[in-house]
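To start, the structure under review is shown below, and the notes come after it.
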There are 2 protein chains.
Amino acid sequence: MNYSNLFIPTLREVPADAVIASHRLMFRAGLIRKLANGLFAYLPLGLRSFRKVEQIVRDEMNAIGALEIKPTVVVPGELWKESGRWDSMGAAMLRAKNRLNNDLVISPTAEEAFTSIVRDELSSYRQLPLTLYQINTKFRDEIRPRYGVMRGREFVMKDAYSWHTDDKSLDDTYQAMGRAYRRIFKRCGLSVIPVKADSGAMGGSGSEEFMVESEIGDNTLILCKSCGYAANVEKASCAADFTQIKSIEDAKAAAVNTPPLEKIDTPNVKTIDELCGFLKTDSKSFIKTLIYRAINVELDLSSAAGLAVSGGEKLDHKKTSSQAPAAYAEAFFAVTIRGDLDVNEIKLASILQCSEVELASDADVTRLTGAPVGFAGPVGLKKIPIIADLTVTGMFDAVTGALEKDLHYKHAAYGRDFTAWMIDDVRTVKAGDRCSLCNGELYTKMGNELGHIFKLGGKYTRSMNVTYLDENGKSQIPIMGCYGIGIDRTMASVIEEHHDDAGIIWPVSIAPFHITIIPIKYDGAVKEAAGKLADELTKAGVEVLLDDRNERPGVKFNDADLTGIPWRVVIGDKGLSLSPPQVEVKKRGEKESAMLDLDKAATEISSKIKEELEILNK
Amino acid sequence: MNYSNLFIPTLREVPADAVIASHRLMFRAGLIRKLANGLFAYLPLGLRSFRKVEQIVRDEMNAIGALEIKPTVVVPGELWKESGRWDSMGAAMLRAKNRLNNDLVISPTAEEAFTSIVRDELSSYRQLPLTLYQINTKFRDEIRPRYGVMRGREFVMKDAYSWHTDDKSLDDTYQAMGRAYRRIFKRCGLSVIPVKADSGAMGGSGSEEFMVESEIGDNTLILCKSCGYAANVEKASCAADFTQIKSIEDAKAAAVNTPPLEKIDTPNVKTIDELCGFLKTDSKSFIKTLIYRAINVELDLSSAAGLAVSGGEKLDHKKTSSQAPAAYAEAFFAVTIRGDLDVNEIKLASILQCSEVELASDADVTRLTGAPVGFAGPVGLKKIPIIADLTVTGMFDAVTGALEKDLHYKHAAYGRDFTAWMIDDVRTVKAGDRCSLCNGELYTKMGNELGHIFKLGGKYTRSMNVTYLDENGKSQIPIMGCYGIGIDRTMASVIEEHHDDAGIIWPVSIAPFHITIIPIKYDGAVKEAAGKLADELTKAGVEVLLDDRNERPGVKFNDADLTGIPWRVVIGDKGLSLSPPQVEVKKRGEKESAMLDLDKAATEISSKIKEELEILNK
């Protein structure tokens, strides 16, 4: 294709709001333009790469037997009311009303639409497993759309959904998806970090996120220096760095030499740091107690108040959700944790099966603990259930708040002086903690999520009444998985990983063109040779951009670098006057160029490009 | 591909709301399912055909140098306010508000989005002409969505837009588009009727609609039995079937033998039919006068009242629009036409350059004519401008209302007894009228619009301030064209044209699969032969659906007919036991089948399919 027949408005200037490389370069290379905040149009060069990413995703979905369908982008609000997400999706879901005043949703995701289609067609176990997907427009009204297409409001997502009779079948598809995702990112030339993740508002359990490292990533990843462990901090756990005990009896035994509980004056000492200074000890000796307010709790709390006031129960009494969970609009909890650690609110919300947790107001703290903020502690706390982080169960000589202004306890021992309604891991893992798998040192990275695979279980099939008849003719509810990849974000992430100061360096698999031919002056013998080489390469299956513009060579070189075409051939009078005639070939991102015989150039270049493609697609 | 790996929920029942063949068959063949009124999901088989239609459209757009881009589906309302269509698009345009209370539009079309992109990049005449297109989701909140995807609310449209320095350049692209459209429909196996059409709310002049005949079409087409004339009734004209005169003087001369105007009693006679009976004459002798209310009139009316009261002006005084048109919120007109004809309100609105015309209320008629409804006439009418259809200028001895209850005039003559402010063609052409090109007989068909090409002129570039510098460095406003094709409707129309009682008969170019292999029993030697043939055909580039289901042959045959796969091969023990082994090959829609040698079948079938494809794509 000739450059002058395309529409590639390259720019020297960087748009003021473009703070990351992909945004800057997609704009400068003429791949995208902004229609409004978070709304971007792909121009011809950008769309070529975009479609290639789409096609790689499509290939890999088809390869594992997923079937492409195309529901609408605008879907009836009724479906979202059925699933219960009409209320829970919040302001990120764009809604509209049609002329009949019916509610419509501009799809942010499509569990409901897919489930409703399958519901109407599913009758027998013989139809399962079934995996359907679409590659289609989504809209999420982000609070702060930014970073170009990396966090736009409208985007294209590949979203797949699968239905199964049992866990084994779901796991097979889930694993196949995981493998397909790894292939997709490899084919795009992307280094991804697959991590275990909290599945957030999607519900269900068993999920894996595919992250790319990014300075502007909105996820903190916890990684092990020794083994392959990788997790989102929202879910990460670490090796125990405290005395592990098995029962209340063990806890009491551990405290046998601990002096009795002693109330001490701590005038005007409120923070743990102040307390450390005052008592000349370190924060690991403190039991920090935070009062949390939890919203829309689905965990059964019927036994919680009693436990919280009675104390002295058996240790391993972690609650599991009942099948028909209670729902509490709000509930308060005291969360205790070793003084040097932070409470992970995502873990806490997940344990409580609630939509959100937040620190209680000062007034609530005073009401529930009987003391001003800063003096909460588990000893003698009767009005609310205590949730103890695992670390606390190993503390048998600790300092903690005494539920009175300016007073703390010394020598507090778990099991002897207090107990908890629930014990679980609620700590925030941080750099320097040890890996739970291999005890290696953990470190952190910021990451952006490109893809996500989930086991949803029965969340949607139950609420939307999907059933099938099993081998015995008995009605059953199928279980589901869902699997997403952001196409725009994947494309932008490739640029984040593959660029230099001069521009993009596309992997050949998703480059808008494989090669650009630059005639020094598009005239006479040079024009003829360029045209001939372009034809030969095109016939060999190579996608050629012939820069036929009447521009200085420097302008053409700069645009070639900026737009990131993987290969470049320069044809000039000087090379053509040699015997045999020569052209200069250079790979984008490499410093060295090579001279090739003009009449062998097409063969040599096309075989190199095919080789590169094969390596990426292997 | 194996049938059992697909998701093809075929049905014997016809959905209650499916009244046309394509809706019925797309539903029964498992191509689509309904999500809500006017919202349809394409299932795997349907999507395969849908993508092929898309790809044919894309091929032909690329072939004429149009460049594909991808703006967003959701666009800022601001763009629509700039163009002025925020107000004029009405309730069919779906709107939403984001969390910041900004207006958003779910694109019903994309003149604004494309124009805004080009506006920012256009600087020089050297960048023109430029043609950009997208194949993307649109939404129009139809009052009565029905007929399946033929008139859905969400649909996919190919919409192209072009920008030009001059009329010649616009016409070149317009003509190229017309040729591309003809190729697109031919490749899809569709018979289309290209017709001149009113361009409606799109604005501008110079347009062609591509129609398919359809019993449920929402357009009446006027066609000539002798020549190729085809027009939308909204714009159709016909040969004169009346005395044509050139001037008021000619009109007066024609009336020289007409008796003087005579007022007659016509008690309780209101309709033309009643009057015909009463006067024992036919409706062609009457001048029908209708009082219209026109809304948002842009035509300059400053001279209208004066003309209407003064009379006796020169005949050929048709108004043309001024560059900065006046705008009247409402204006009333008396439209006169020969008694056997109907006024074409679209033509009338076009002449008046107004958004809408409607018959005036009874109260307005009485106020403006001084008489009850039924007695309006041009003679002595002073309060409103008269618009005369061309037919009226040839009437020199007519009956017409006398502007008084129960009174009519006889012997009314145009030019002598009354004149008009404006004379134009406002008649509705109907079957039996004569062709204006060849005088052949005209007939009508109902049609559905699949595609539309327009010359928009400066409508959007002017309102949205698009400029470029010409050869002399002077700022100019480019002119535009726009060109749409509905993908869903095209696909449904193919089914309308190609089906029988048993199901769809796909043209091979857009069939979901080229061939289906039906093993009588999928087992043993039959299974082996079927698999081998499928492999051979696939290697030859043929798309094969192997019906591996454990179903009776009748079920498989019915599904093959219903889903419309163009070729069918049946493999059974009986044929395989022959020497050499035989398979039965049949083309969908033909009665006769043929026996082929199994080992030659792949070669013979694939060459026939390629031949068919070549004919369609030629």
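By order in the structure tokens, chains are A, B, ...; within a chain, residues start at 1; ligands start at 1, following the order shown.
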- Item | Counting only C-alpha atoms, chain B residues within 6 Å of chain A, as a count of residues only | 10
- Write out as a PyMOL selection string all residues of range 313-530 of chain A that backbone DSSP assigns to alpha helix (DSSP H). chain A and resi 345-352+362-369+459-463+487-497+524-530
- Query: range 343-349 of chain A: which residues within 8 Å, counting only C-alpha atoms, same-chain residues fewer than 4 positions away excluded, as an MDAnalysis selection string?
  - Reply: chainID A and resid 198 234:235 294 337 353:358 425:428
- Excluding range 382-398 of chain B and any residue of its chain fewer than 4 positions from it, enumerate the residues within 9 Å of it, using only C-alpha atoms, and give them as a PyMOL selection string. chain B and resi 240-245+248+251-252+254-256+258-259+261+284-287+304-310+331-338+343+368-369+378+409-416+419-427
- Message: For the structure I just gave you, how does DSSP split range 234-357 of chain B - specifically, which residues are strand (DSSP E or B)? Reply as an MDAnalysis selection string.
- Response: chainID B and resid 262:265 286:297 328:338 343 356:357
Write to file, as a compact mmCIF listing (two decimals), in the first residue's frame, the residues of the selection just made, with N, CA and C atoms.
# COMPACT_ATOMS: atom_id res chain seq x y z
N GLU B 262 -68.95 30.44 -13.09
CA GLU B 262 -70.35 30.39 -12.66
C GLU B 262 -70.45 29.71 -11.31
N LYS B 263 -71.10 30.39 -10.37
CA LYS B 263 -71.23 29.83 -9.02
C LYS B 263 -72.46 28.92 -9.00
N ILE B 264 -72.31 27.70 -8.52
CA ILE B 264 -73.42 26.76 -8.50
C ILE B 264 -73.68 26.26 -7.09
N ASP B 265 -74.94 25.94 -6.82
CA ASP B 265 -75.32 25.36 -5.53
C ASP B 265 -74.94 23.88 -5.50
N PHE B 286 -61.97 18.47 -11.87
CA PHE B 286 -61.97 19.26 -10.62
C PHE B 286 -60.59 19.77 -10.25
N ILE B 287 -60.57 20.92 -9.66
CA ILE B 287 -59.34 21.39 -9.02
C ILE B 287 -59.51 21.18 -7.52
N LYS B 288 -58.72 20.26 -7.00
CA LYS B 288 -58.75 19.96 -5.57
C LYS B 288 -57.86 20.98 -4.87
N THR B 289 -58.31 21.50 -3.75
CA THR B 289 -57.51 22.48 -3.02
C THR B 289 -57.37 22.05 -1.56
N LEU B 290 -56.12 21.85 -1.14
CA LEU B 290 -55.86 21.38 0.23
C LEU B 290 -55.07 22.45 0.97
N ILE B 291 -55.46 22.69 2.22
CA ILE B 291 -54.74 23.69 3.01
C ILE B 291 -53.72 22.96 3.88
N TYR B 292 -52.44 23.32 3.69
CA TYR B 292 -51.36 22.66 4.43
C TYR B 292 -50.71 23.60 5.44
N ARG B 293 -50.31 23.00 6.53
CA ARG B 293 -49.49 23.71 7.51
C ARG B 293 -48.07 23.16 7.36
N ALA B 294 -47.11 24.07 7.13
CA ALA B 294 -45.71 23.68 6.98
C ALA B 294 -44.93 24.15 8.21
N ILE B 295 -44.00 23.29 8.66
CA ILE B 295 -43.27 23.58 9.91
C ILE B 295 -41.79 23.81 9.60
N ASN B 296 -41.21 24.83 10.24
CA ASN B 296 -39.80 25.17 10.04
C ASN B 296 -39.45 25.36 8.56
N VAL B 297 -40.09 26.31 7.96
CA VAL B 297 -39.90 26.57 6.53
C VAL B 297 -38.64 27.42 6.34
N TYR B 328 -39.26 30.06 9.09
CA TYR B 328 -40.58 30.36 9.64
C TYR B 328 -41.02 29.16 10.45
N ALA B 329 -41.43 29.40 11.67
CA ALA B 329 -41.86 28.29 12.53
C ALA B 329 -43.03 27.55 11.90
N GLU B 330 -43.99 28.32 11.35
CA GLU B 330 -45.06 27.67 10.61
C GLU B 330 -45.58 28.62 9.55
N ALA B 331 -46.12 28.03 8.51
CA ALA B 331 -46.71 28.83 7.44
C ALA B 331 -47.78 27.98 6.79
N PHE B 332 -48.80 28.63 6.24
CA PHE B 332 -49.92 27.90 5.62
C PHE B 332 -49.92 28.13 4.12
N PHE B 333 -50.33 27.11 3.40
CA PHE B 333 -50.37 27.18 1.95
C PHE B 333 -51.62 26.47 1.45
N ALA B 334 -52.14 26.97 0.33
CA ALA B 334 -53.20 26.26 -0.37
C ALA B 334 -52.55 25.53 -1.53
N VAL B 335 -52.70 24.22 -1.56
CA VAL B 335 -52.10 23.43 -2.63
C VAL B 335 -53.22 22.95 -3.54
N THR B 336 -53.12 23.31 -4.82
CA THR B 336 -54.16 22.91 -5.77
C THR B 336 -53.60 21.85 -6.71
N ILE B 337 -54.45 20.90 -7.04
CA ILE B 337 -54.01 19.79 -7.88
C ILE B 337 -55.24 19.22 -8.59
N ARG B 338 -55.04 18.58 -9.73
CA ARG B 338 -56.16 18.00 -10.47
C ARG B 338 -56.86 16.97 -9.58
N VAL B 343 -51.66 14.77 -3.45
CA VAL B 343 -50.49 15.59 -3.20
C VAL B 343 -49.42 14.72 -2.52
N GLU B 356 -41.50 19.48 7.80
CA GLU B 356 -42.71 18.66 7.82
C GLU B 356 -43.88 19.45 7.24
N VAL B 357 -44.80 18.77 6.58
CA VAL B 357 -46.08 19.41 6.23
C VAL B 357 -47.20 18.53 6.75
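Between CA of Lys225 in chain A and CA of Val195 in chain A the separation is 14.6 Å.
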Quick one: everything within 10 Å of Gly374 in chain B, counting only C-alpha atoms, minus sequence neighbours fewer than 2 positions away in the same chain. Send it as a tab-separated table (two decimals) with N, CA, C and O atoms, in the first residue's frame.
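The resulting file, result_37.tsv, is shown below:
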chain	number	residue	atom	x	y	z
B	268	ASN	N	-74.86	20.03	0.56
B	268	ASN	CA	-74.42	18.79	1.21
B	268	ASN	C	-73.45	17.96	0.37
B	268	ASN	O	-73.31	16.76	0.58
B	269	VAL	N	-72.80	18.58	-0.59
B	269	VAL	CA	-71.81	17.86	-1.41
B	269	VAL	C	-70.42	18.31	-0.95
B	269	VAL	O	-70.11	19.49	-1.06
B	270	LYS	N	-69.67	17.37	-0.41
B	270	LYS	CA	-68.36	17.77	0.13
B	270	LYS	C	-67.19	17.09	-0.55
B	270	LYS	O	-66.18	17.71	-0.85
B	271	THR	N	-67.32	15.77	-0.82
B	271	THR	CA	-66.18	15.07	-1.39
B	271	THR	C	-66.19	15.19	-2.90
B	271	THR	O	-67.22	15.50	-3.51
B	272	ILE	N	-65.06	14.91	-3.49
B	272	ILE	CA	-64.96	14.96	-4.95
B	272	ILE	C	-65.87	13.90	-5.58
B	272	ILE	O	-66.52	14.15	-6.60
B	288	LYS	N	-58.72	20.26	-7.00
B	288	LYS	CA	-58.75	19.96	-5.57
B	288	LYS	C	-57.86	20.98	-4.87
B	288	LYS	O	-56.77	21.29	-5.35
B	289	THR	N	-58.31	21.50	-3.75
B	289	THR	CA	-57.51	22.48	-3.02
B	289	THR	C	-57.37	22.05	-1.56
B	289	THR	O	-58.38	21.86	-0.86
B	290	LEU	N	-56.12	21.85	-1.14
B	290	LEU	CA	-55.86	21.38	0.23
B	290	LEU	C	-55.07	22.45	0.97
B	290	LEU	O	-54.14	23.05	0.41
B	362	ASP	N	-59.28	21.87	10.88
B	362	ASP	CA	-60.55	22.42	10.37
B	362	ASP	C	-60.66	23.90	10.72
B	362	ASP	O	-61.10	24.72	9.90
B	365	VAL	N	-58.51	25.89	8.42
B	365	VAL	CA	-59.10	25.93	7.08
B	365	VAL	C	-60.19	27.00	7.02
B	365	VAL	O	-60.22	27.85	6.11
B	366	THR	N	-61.06	26.99	8.01
B	366	THR	CA	-62.16	27.95	8.04
B	366	THR	C	-61.64	29.38	8.15
B	366	THR	O	-62.06	30.29	7.44
B	371	ALA	N	-64.49	29.51	4.71
B	371	ALA	CA	-65.56	28.55	4.46
B	371	ALA	C	-65.30	27.27	5.24
B	371	ALA	O	-64.17	27.02	5.65
B	372	PRO	N	-66.35	26.46	5.45
B	372	PRO	CA	-66.08	25.18	6.11
B	372	PRO	C	-65.22	24.28	5.23
B	372	PRO	O	-65.08	24.53	4.02
B	376	ALA	N	-62.83	24.77	-0.24
B	376	ALA	CA	-61.66	25.58	-0.60
B	376	ALA	C	-61.47	25.55	-2.11
B	376	ALA	O	-61.82	24.57	-2.78
B	377	GLY	N	-60.92	26.63	-2.63
B	377	GLY	CA	-60.63	26.70	-4.06
B	377	GLY	C	-59.73	27.88	-4.30
B	377	GLY	O	-59.60	28.77	-3.44
B	400	THR	N	-64.40	23.92	-9.00
B	400	THR	CA	-63.59	24.06	-7.79
B	400	THR	C	-64.43	24.71	-6.72
B	400	THR	O	-65.49	25.30	-6.99
B	401	GLY	N	-63.97	24.60	-5.46
B	401	GLY	CA	-64.69	25.17	-4.33
B	401	GLY	C	-64.79	26.68	-4.46
B	401	GLY	O	-63.88	27.34	-4.98
B	402	ALA	N	-65.93	27.25	-3.94
B	402	ALA	CA	-66.17	28.69	-4.12
B	402	ALA	C	-65.94	29.47	-2.83
B	402	ALA	O	-66.35	30.63	-2.72
B	403	LEU	N	-65.29	28.85	-1.85
B	403	LEU	CA	-64.97	29.51	-0.57
B	403	LEU	C	-66.23	29.90	0.20
B	403	LEU	O	-66.21	30.81	1.01
B	404	GLU	N	-67.34	29.19	-0.08
B	404	GLU	CA	-68.58	29.40	0.66
B	404	GLU	C	-69.26	28.05	0.84
B	404	GLU	O	-69.20	27.19	-0.05
B	405	LYS	N	-69.95	27.88	1.94
B	405	LYS	CA	-70.61	26.62	2.23
B	405	LYS	C	-71.61	26.28	1.11
B	405	LYS	O	-72.37	27.14	0.65
B	406	ASP	N	-71.55	25.02	0.64
B	406	ASP	CA	-72.49	24.50	-0.36
B	406	ASP	C	-72.44	25.21	-1.69
B	406	ASP	O	-73.41	25.18	-2.45
B	407	LEU	N	-71.31	25.84	-2.00
B	407	LEU	CA	-71.18	26.50	-3.31
B	407	LEU	C	-69.88	26.08	-3.99
B	407	LEU	O	-68.84	25.93	-3.34
B	408	HIS	N	-69.93	25.85	-5.30
B	408	HIS	CA	-68.75	25.59	-6.12
B	408	HIS	C	-68.78	26.50	-7.33
B	408	HIS	O	-69.81	27.07	-7.67
- Query: CA of Leu596 in chain B to CA of Glu584 in chain B: how many Å, to one decimal?
  - Reply: 6.3 Å
- Rounded to one decimal place, report the CA of Met446 in chain A-CA of Met211 in chain A distance in Å.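 Straight-line distance from CA of Met446 in chain A to CA of Met211 in chain A works out to 9.2 Å.
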Ser593 in chain B environment, 10 Å, only C-alpha atoms, sequence neighbours closer than 4 positions dropped, as a PDB file with N, CA, C and O atoms, in the first residue's frame:
ATOM      1  N   ARG B 568     -24.651 -30.473  -0.383  1.00  0.00           N
ATOM      2  CA  ARG B 568     -24.844 -31.550   0.568  1.00  0.00           C
ATOM      3  C   ARG B 568     -24.284 -32.837   0.000  1.00  0.00           C
ATOM      4  O   ARG B 568     -24.536 -33.163  -1.164  1.00  0.00           O
ATOM      5  N   VAL B 569     -23.505 -33.540   0.785  1.00  0.00           N
ATOM      6  CA  VAL B 569     -23.026 -34.872   0.392  1.00  0.00           C
ATOM      7  C   VAL B 569     -23.566 -35.878   1.391  1.00  0.00           C
ATOM      8  O   VAL B 569     -23.414 -35.683   2.596  1.00  0.00           O
ATOM      9  N   VAL B 570     -24.203 -36.911   0.892  1.00  0.00           N
ATOM     10  CA  VAL B 570     -24.689 -37.966   1.775  1.00  0.00           C
ATOM     11  C   VAL B 570     -23.823 -39.202   1.579  1.00  0.00           C
ATOM     12  O   VAL B 570     -23.573 -39.628   0.450  1.00  0.00           O
ATOM     13  N   GLU B 584     -23.579 -39.383  -2.595  1.00  0.00           N
ATOM     14  CA  GLU B 584     -24.634 -38.645  -3.276  1.00  0.00           C
ATOM     15  C   GLU B 584     -24.450 -37.148  -3.031  1.00  0.00           C
ATOM     16  O   GLU B 584     -24.355 -36.715  -1.887  1.00  0.00           O
ATOM     17  N   VAL B 585     -24.412 -36.378  -4.107  1.00  0.00           N
ATOM     18  CA  VAL B 585     -24.196 -34.937  -3.993  1.00  0.00           C
ATOM     19  C   VAL B 585     -25.424 -34.209  -4.498  1.00  0.00           C
ATOM     20  O   VAL B 585     -25.986 -34.555  -5.541  1.00  0.00           O
ATOM     21  N   LYS B 586     -25.835 -33.196  -3.739  1.00  0.00           N
ATOM     22  CA  LYS B 586     -27.020 -32.445  -4.135  1.00  0.00           C
ATOM     23  C   LYS B 586     -26.797 -30.984  -3.811  1.00  0.00           C
ATOM     24  O   LYS B 586     -26.196 -30.628  -2.804  1.00  0.00           O
ATOM     25  N   LYS B 587     -27.289 -30.136  -4.718  1.00  0.00           N
ATOM     26  CA  LYS B 587     -27.195 -28.715  -4.469  1.00  0.00           C
ATOM     27  C   LYS B 587     -28.496 -28.271  -3.817  1.00  0.00           C
ATOM     28  O   LYS B 587     -29.576 -28.663  -4.253  1.00  0.00           O
ATOM     29  N   ARG B 588     -28.406 -27.462  -2.795  1.00  0.00           N
ATOM     30  CA  ARG B 588     -29.588 -26.962  -2.093  1.00  0.00           C
ATOM     31  C   ARG B 588     -30.455 -26.182  -3.071  1.00  0.00           C
ATOM     32  O   ARG B 588     -29.956 -25.346  -3.815  1.00  0.00           O
TER      33      ARG B 588
END
Show which residues sit within 12 Å of Lys52 in chain A, as a PDB file with C-alpha atoms, in the first residue's frame. Count only C-alpha atoms, and ignore same-chain residues fewer than 2 positions away.
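Dumped to selection.pdb:
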ATOM      1  CA  LEU A  45      -2.892   2.433  10.844  1.00  0.00           C
ATOM      2  CA  GLY A  46      -4.107   1.883  14.402  1.00  0.00           C
ATOM      3  CA  LEU A  47      -7.061  -0.184  13.267  1.00  0.00           C
ATOM      4  CA  ARG A  48      -4.796  -2.527  11.301  1.00  0.00           C
ATOM      5  CA  SER A  49      -2.931  -3.459  14.484  1.00  0.00           C
ATOM      6  CA  PHE A  50      -6.126  -3.535  16.489  1.00  0.00           C
ATOM      7  CA  GLU A  54      -8.546  -9.214  17.714  1.00  0.00           C
ATOM      8  CA  GLN A  55      -7.746 -11.960  15.200  1.00  0.00           C
ATOM      9  CA  ILE A  56      -5.098 -13.538  17.418  1.00  0.00           C
ATOM     10  CA  VAL A  57      -7.620 -13.624  20.250  1.00  0.00           C
ATOM     11  CA  ARG A  58     -10.273 -15.067  17.916  1.00  0.00           C
ATOM     12  CA  ASP A  59      -7.885 -17.761  16.600  1.00  0.00           C
ATOM     13  CA  ILE A 184      -2.407 -14.885  22.943  1.00  0.00           C
ATOM     14  CA  ARG A 187       1.803 -14.109  20.005  1.00  0.00           C
ATOM     15  CA  CYS A 188       1.436 -10.379  20.688  1.00  0.00           C
ATOM     16  CA  ILE A 487      -8.201  -5.649  23.146  1.00  0.00           C
ATOM     17  CA  ASP A 488      -7.350  -1.934  23.361  1.00  0.00           C
ATOM     18  CA  THR A 490      -3.468  -5.331  25.156  1.00  0.00           C
ATOM     19  CA  MET A 491      -2.482  -3.313  22.101  1.00  0.00           C
ATOM     20  CA  TRP A 506       5.917  -3.432  16.777  1.00  0.00           C
ATOM     21  CA  PRO A 507       6.253  -7.194  17.032  1.00  0.00           C
ATOM     22  CA  VAL A 508       5.731  -8.357  13.454  1.00  0.00           C
ATOM     23  CA  SER A 509       2.574 -10.277  14.476  1.00  0.00           C
ATOM     24  CA  ILE A 510       0.543  -7.155  15.149  1.00  0.00           C
ATOM     25  CA  ALA A 511       2.423  -4.472  13.214  1.00  0.00           C
ATOM     26  CA  PRO A 512       0.151  -2.482  10.885  1.00  0.00           C
ATOM     27  CA  PHE A 513       2.581  -3.370   8.072  1.00  0.00           C
TER      28      PHE A 513
END
